[in-house]
Every structure is written in C-alpha cells, then in structure tokens.
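Presented below is the structure to which this report refers.
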Amino acid sequence: MTAALPYLDEADIFGLVPFADAVSALAKALSGGLDPRASLQRSIHDVEHGQLLLMPAETATVVGVKLSTVAPGNVDHGLPRVQALYVLYDRVTLTPVALLDGTALTTLRTPAVSAVAMDHLAAREARHLVVLGSGPQAWGHVQALRAIRPLGRVTVVGRDADRAAALVGRVRNSGLDARVGSHDDVAGADVVVCATTARQPLFDGRRLRPGTCVVAVGSHEPDARELDDATFSSAERVVVESHGVALREAGDIIQAVRAGVVREDSLIELRDAVHLTPTTGSSVFKSVGMGWQDLVVADLAYQRWTEKGHAHA
C-alpha cells in the first residue's frame, strides 16, 4: 500500500457521478442480480456524544466500508449532524485503494436509491414534489427526482424558515418553480419526500390524494417514524430495501406492522420493485440506507476517477 491514498472529495464525487448516473448504476446493480438480503449488516455503536455506524459491503468486484458518525449536538458547533468517511478496498488483497467523502456519498446515493424506487412507483406525469426537510437530502431528492420525472414544481416544508427559504432559492436557481409551504401541501402532491430527523409522523396521511408516492428516508431506528398509519393503510404498494433490514431498523415499517396496517408478507423488496410498472394506486418507499448502495456509487466514482488518468493507489 502506498503512503498516501487518493481522496475523492465532494466536488470529485458529484463531478464524476451525476444523480442520473447514480440512479442508473443502482438500478443496474439490482437488475443484474445484486441481492440486498445478502448484504453485510450495518453495526451501530453508542458513544458518549452520539453514534458510530459501520456499513461494510462487498460486490463481485470490490469491497468497501462507510464509517459514519451521528452527533446530535453538532448543531451547536456549526457542524453537520452526520459525517462520514468511505474506504474502498481491492476485493482480493483487501488493500485500501481510495478514500472518499462519505458525507457527499450519502447525499448522492440516498436520493438515487429513492429515485430507483420512485421510477417504478410514481406516476409518469408526476410534477409536484413536496419535500419535508431543508437539508442536503432534501436538495438531493429534488435533483434525483427531476432525473426520472418531468418535475415542474417544488414545495419545501421545514422547521427552520431561513433554511427552507434558502433551499427554495437554490431550487429556483436550478430552473424549477419553488416555494415555502406547510404540511397541508401534501394534499396536492404527486410525490412527498420526508427527509427529516422527526421521530413522530409529520402529517396526516388522510390528506394525501390517491396515487401519491411517499418516500421516507429520515431514520434508521425502530422507535422513530415520519409516516403515520393512514399513509400506509392507503398505499397499494409498500417497498423496502429488504424485509430483514426494514423489520429490524425501519421504525415506520415496524410500527405500521404492529398496528396491523401493513402485513409483513405484503412488503415488496427493492430488487423486485425494479420490475414493476407504475399504477394509479398510492405507494410508499421506506429507506434506511444500506452499505451496498454506498459501494456501488463509490466504485463508479473511483472507476471514473482512474479513467481520467489518475494512477491507482
């Protein structure tokens, strides 16, 4: 191993892998036989000021691990709540070959995974997105959704008025109509994205109109949820990354199953959802994030980085 590994920062990652390409790479991995159920499990360790998350993964060509931290108190220090570093390894020798900005990787791959699901759930003519949350994931989901649907209008709902207004400005600058709204705006949405740190449902699911696609990505804890029982009871399709992970980590799913509004055997795994065609019915996609997703996108970024003439580590 050389003394210094190449480091791909945020600019490198987003420059090498546009959202549309990340969506395509993840969809191709799933349709090509990647089975999320066989993926290595995430491990979560509590420390004094938050959590350490280790997310290992292996494909037929590469191995990697994302080292993430969750520090709720970071807001008081002007730092991100979630930070991460990604380590990419040679699959045979397990020699580290590259480091990547894991936070940027998460910002890219989470919306891309949502878009893979939405491409088979959301109405083909979906134009109005209501996004709950105003952070990087909210912005990322706007960009990922516009890669697969003729998005024309974005409504941002956030607890922090300044951050919500800032996101609206950013969306407008990207060429889309956008405004700050309220939770009541879900009633007019084609797609609703929940990307928050909420631990209780964000809106009354009875307000959703038939055919709405709802995506929740905010939590990976059994006792936290962004969606209420009504949202699930009206859904024709409920898609998760894998049964095992959803029933272990996804509070939205776990609590809906306990309430009897979702049957375990009705959950559709993402690898099966990529063979579905959108219907007029409502749908939900609940994501907690899995290591294989980071690895697919990290590998693509690294391969493109080397193709540009950079030497392998």
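Chain lettering (A, B, ...) mirrors the order of the structure tokens, residue numbering begins at 1 for each chain separately, and ligand numbering begins at 1 in order of display.
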
Residues at most 12 Å from stretch 265-272 of chain A, counting only C-alpha atoms, excluding those fewer than 6 positions away in the same chain, as a PyMOL selection string?
chain A and resi 26-38+113-121+232-233+235-247+253-254+256-257+283-287+289-290+293

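Secondary structure from DSSP on the backbone puts alpha helix (DSSP H) at the following positions of stretch 65-149 of chain A: Gly102, Thr103, Ala104, Leu105, Thr106, Thr107, Leu108, Arg109, Thr110, Pro111, Ala112, Val113, Ser114, Ala115, Val116, Ala117, Met118, Pro136, Gln137, Ala138, Trp139, Gly140, His141, Val142, Gln143, Ala144, Leu145 and Arg146 of chain A.
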
Report as a ChimeraX atom specification all protein, DNA and RNA residues lying within 9 Å of stretch 165-182 of chain A, evaluated on only C-alpha atoms, omitting residues in the same chain fewer than 5 positions from it.
/A:130,132,134-135,138-139,142-143,151-158,160

Export of prior selection with N, CA and C atoms as a JSON list (two decimals), in the first residue's frame:
[["chain", "number", "residue", "atom", "x", "y", "z"],
["A", 130, "VAL", "N", -43.50, 17.68, -2.95],
["A", 130, "VAL", "CA", -43.47, 18.31, -1.64],
["A", 130, "VAL", "C", -42.39, 17.62, -0.84],
["A", 132, "LEU", "N", -40.36, 17.47, 2.73],
["A", 132, "LEU", "CA", -40.32, 17.84, 4.14],
["A", 132, "LEU", "C", -38.89, 17.69, 4.62],
["A", 134, "SER", "N", -35.10, 20.46, 4.88],
["A", 134, "SER", "CA", -34.45, 21.51, 4.11],
["A", 134, "SER", "C", -32.93, 21.35, 4.06],
["A", 135, "GLY", "N", -32.46, 20.14, 4.39],
["A", 135, "GLY", "CA", -31.03, 19.87, 4.38],
["A", 135, "GLY", "C", -30.55, 19.28, 3.07],
["A", 138, "ALA", "N", -32.84, 16.83, 1.26],
["A", 138, "ALA", "CA", -33.98, 17.45, 0.59],
["A", 138, "ALA", "C", -33.56, 17.93, -0.80],
["A", 139, "TRP", "N", -32.43, 18.63, -0.87],
["A", 139, "TRP", "CA", -31.90, 19.09, -2.15],
["A", 139, "TRP", "C", -31.59, 17.91, -3.07],
["A", 142, "VAL", "N", -34.66, 16.44, -4.72],
["A", 142, "VAL", "CA", -35.15, 17.26, -5.83],
["A", 142, "VAL", "C", -34.39, 16.92, -7.11],
["A", 143, "GLN", "N", -33.06, 16.83, -6.99],
["A", 143, "GLN", "CA", -32.23, 16.56, -8.16],
["A", 143, "GLN", "C", -32.43, 15.14, -8.69],
["A", 151, "LEU", "N", -40.46, 16.94, -13.41],
["A", 151, "LEU", "CA", -40.74, 17.77, -12.24],
["A", 151, "LEU", "C", -40.87, 19.24, -12.65],
["A", 152, "GLY", "N", -41.93, 19.90, -12.15],
["A", 152, "GLY", "CA", -42.13, 21.29, -12.50],
["A", 152, "GLY", "C", -42.29, 22.21, -11.32],
["A", 153, "ARG", "N", -42.66, 21.64, -10.17],
["A", 153, "ARG", "CA", -42.95, 22.48, -9.01],
["A", 153, "ARG", "C", -42.48, 21.79, -7.73],
["A", 154, "VAL", "N", -41.83, 22.54, -6.86],
["A", 154, "VAL", "CA", -41.33, 22.00, -5.60],
["A", 154, "VAL", "C", -41.84, 22.87, -4.45],
["A", 155, "THR", "N", -42.41, 22.22, -3.45],
["A", 155, "THR", "CA", -42.83, 22.90, -2.23],
["A", 155, "THR", "C", -41.98, 22.39, -1.08],
["A", 156, "VAL", "N", -41.32, 23.30, -0.37],
["A", 156, "VAL", "CA", -40.42, 22.95, 0.72],
["A", 156, "VAL", "C", -41.10, 23.23, 2.06],
["A", 157, "VAL", "N", -41.12, 22.23, 2.92],
["A", 157, "VAL", "CA", -41.68, 22.38, 4.25],
["A", 157, "VAL", "C", -40.57, 22.10, 5.26],
["A", 158, "GLY", "N", -40.21, 23.09, 6.06],
["A", 158, "GLY", "CA", -39.12, 22.91, 7.01],
["A", 158, "GLY", "C", -39.39, 23.61, 8.32],
["A", 160, "ASP", "N", -37.09, 25.16, 10.10],
["A", 160, "ASP", "CA", -36.29, 26.38, 10.11],
["A", 160, "ASP", "C", -36.65, 27.21, 8.88]]

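Nearest to A:Pro80 of all the residues A:Ser43, A:Thr95, A:Thr61, A:Thr103 is A:Thr103, based on only C-alpha atoms.
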
DSSP-assigned strand (DSSP E or B) among stretch 90-299 of chain A, expressed as a PyMOL selection string
chain A and resi 90+96-101+128-132+153-157+177-180+191-194+213-216+237-240+268-269+283-286

List the spatial neighbours of stretch 3-7 of chain A as a VMD selection string - criterion: any atom at most 12 Å away, only C-alpha atoms, same-chain residues fewer than 4 positions off excluded.
chain A and resid 11 to 13 85 to 89 95 to 102 298 301 to 302 305 to 306 310 to 313

Nearest candidate to A:Leu208 (options A:Thr196, A:Gln255, A:Gln51, A:Ser282; using only C-alpha atoms)
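Of all the options, A:Ser282 lies closest to A:Leu208.
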
Report, in Å with one decimal, the straight-line distance from atom CA of A:Leu53 to atom CA of A:Arg159.
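If I compute the distance from atom CA of A:Leu53 to atom CA of A:Arg159, I get 26.4 Å.
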
Who sits within 10 Å of A:Arg199, only C-alpha atoms, same chain under 5 positions skipped, as a ChimeraX atom specification
/A:218-219,221-227,251-252

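Considering the residues A:Leu129, A:Leu52, A:Ala161, A:Ala250 and counting only C-alpha atoms, A:Val192 has its shortest atom-to-atom contact with A:Leu129.
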
Return the single residue from A:Glu249, A:Leu300, A:Arg209, A:Leu67 that is closest to A:Ser24, with distances computed using only C-alpha atoms.
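For A:Ser24, the nearest of the given residues is A:Leu300.
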
Could you pull the residues within 7 Å of A:Gly205, counting only C-alpha atoms, minus those fewer than 4 positions along the same chain, as an mmCIF file with N, CA, C and O atoms, in the first residue's frame?
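The new file selection-v3.cif reads:
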data_model
loop_
_atom_site.group_PDB
_atom_site.id
_atom_site.type_symbol
_atom_site.label_atom_id
_atom_site.label_comp_id
_atom_site.auth_asym_id
_atom_site.auth_seq_id
_atom_site.Cartn_x
_atom_site.Cartn_y
_atom_site.Cartn_z
ATOM 1 N N ASP A 228 -47.478 8.232 9.234
ATOM 2 C CA ASP A 228 -48.484 7.683 10.141
ATOM 3 C C ASP A 228 -49.147 6.444 9.539
ATOM 4 O O ASP A 228 -48.900 6.067 8.389
ATOM 5 N N ALA A 230 -52.184 6.024 8.611
ATOM 6 C CA ALA A 230 -53.090 6.312 7.499
ATOM 7 C C ALA A 230 -52.356 6.324 6.160
ATOM 8 O O ALA A 230 -52.906 5.895 5.140
ATOM 9 N N THR A 231 -51.120 6.781 6.171
ATOM 10 C CA THR A 231 -50.333 6.790 4.938
ATOM 11 C C THR A 231 -50.119 5.373 4.424
ATOM 12 O O THR A 231 -50.218 5.102 3.221
#

Point-to-point distance from atom CA of A:Ala20 to atom CA of A:Pro278, Å rounded to tenths
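Distance between the two atoms: 19.1 Å.
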
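Residues with any atom within 10 Å of A:Val297, counting only C-alpha atoms and excluding same-chain neighbours fewer than 6 positions away, are Ile13, Val17, Asp21, Ala22, Val23, Ala25, Leu26, Leu105, Thr106, Leu108, Arg109, Ala112 and Gln303 of chain A.
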
Compare A:Gly15, A:Pro150, A:Gly73, A:Pro201 by their minimum atom-to-atom distance to A:Glu48, counting only C-alpha atoms, and give me the closest one.
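For A:Glu48, the nearest of the candidates is A:Gly73.
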
Distance of atom CA of A:Ala104 from atom CA of A:Gly309, expressed in Å to one decimal place:
22.5 Å
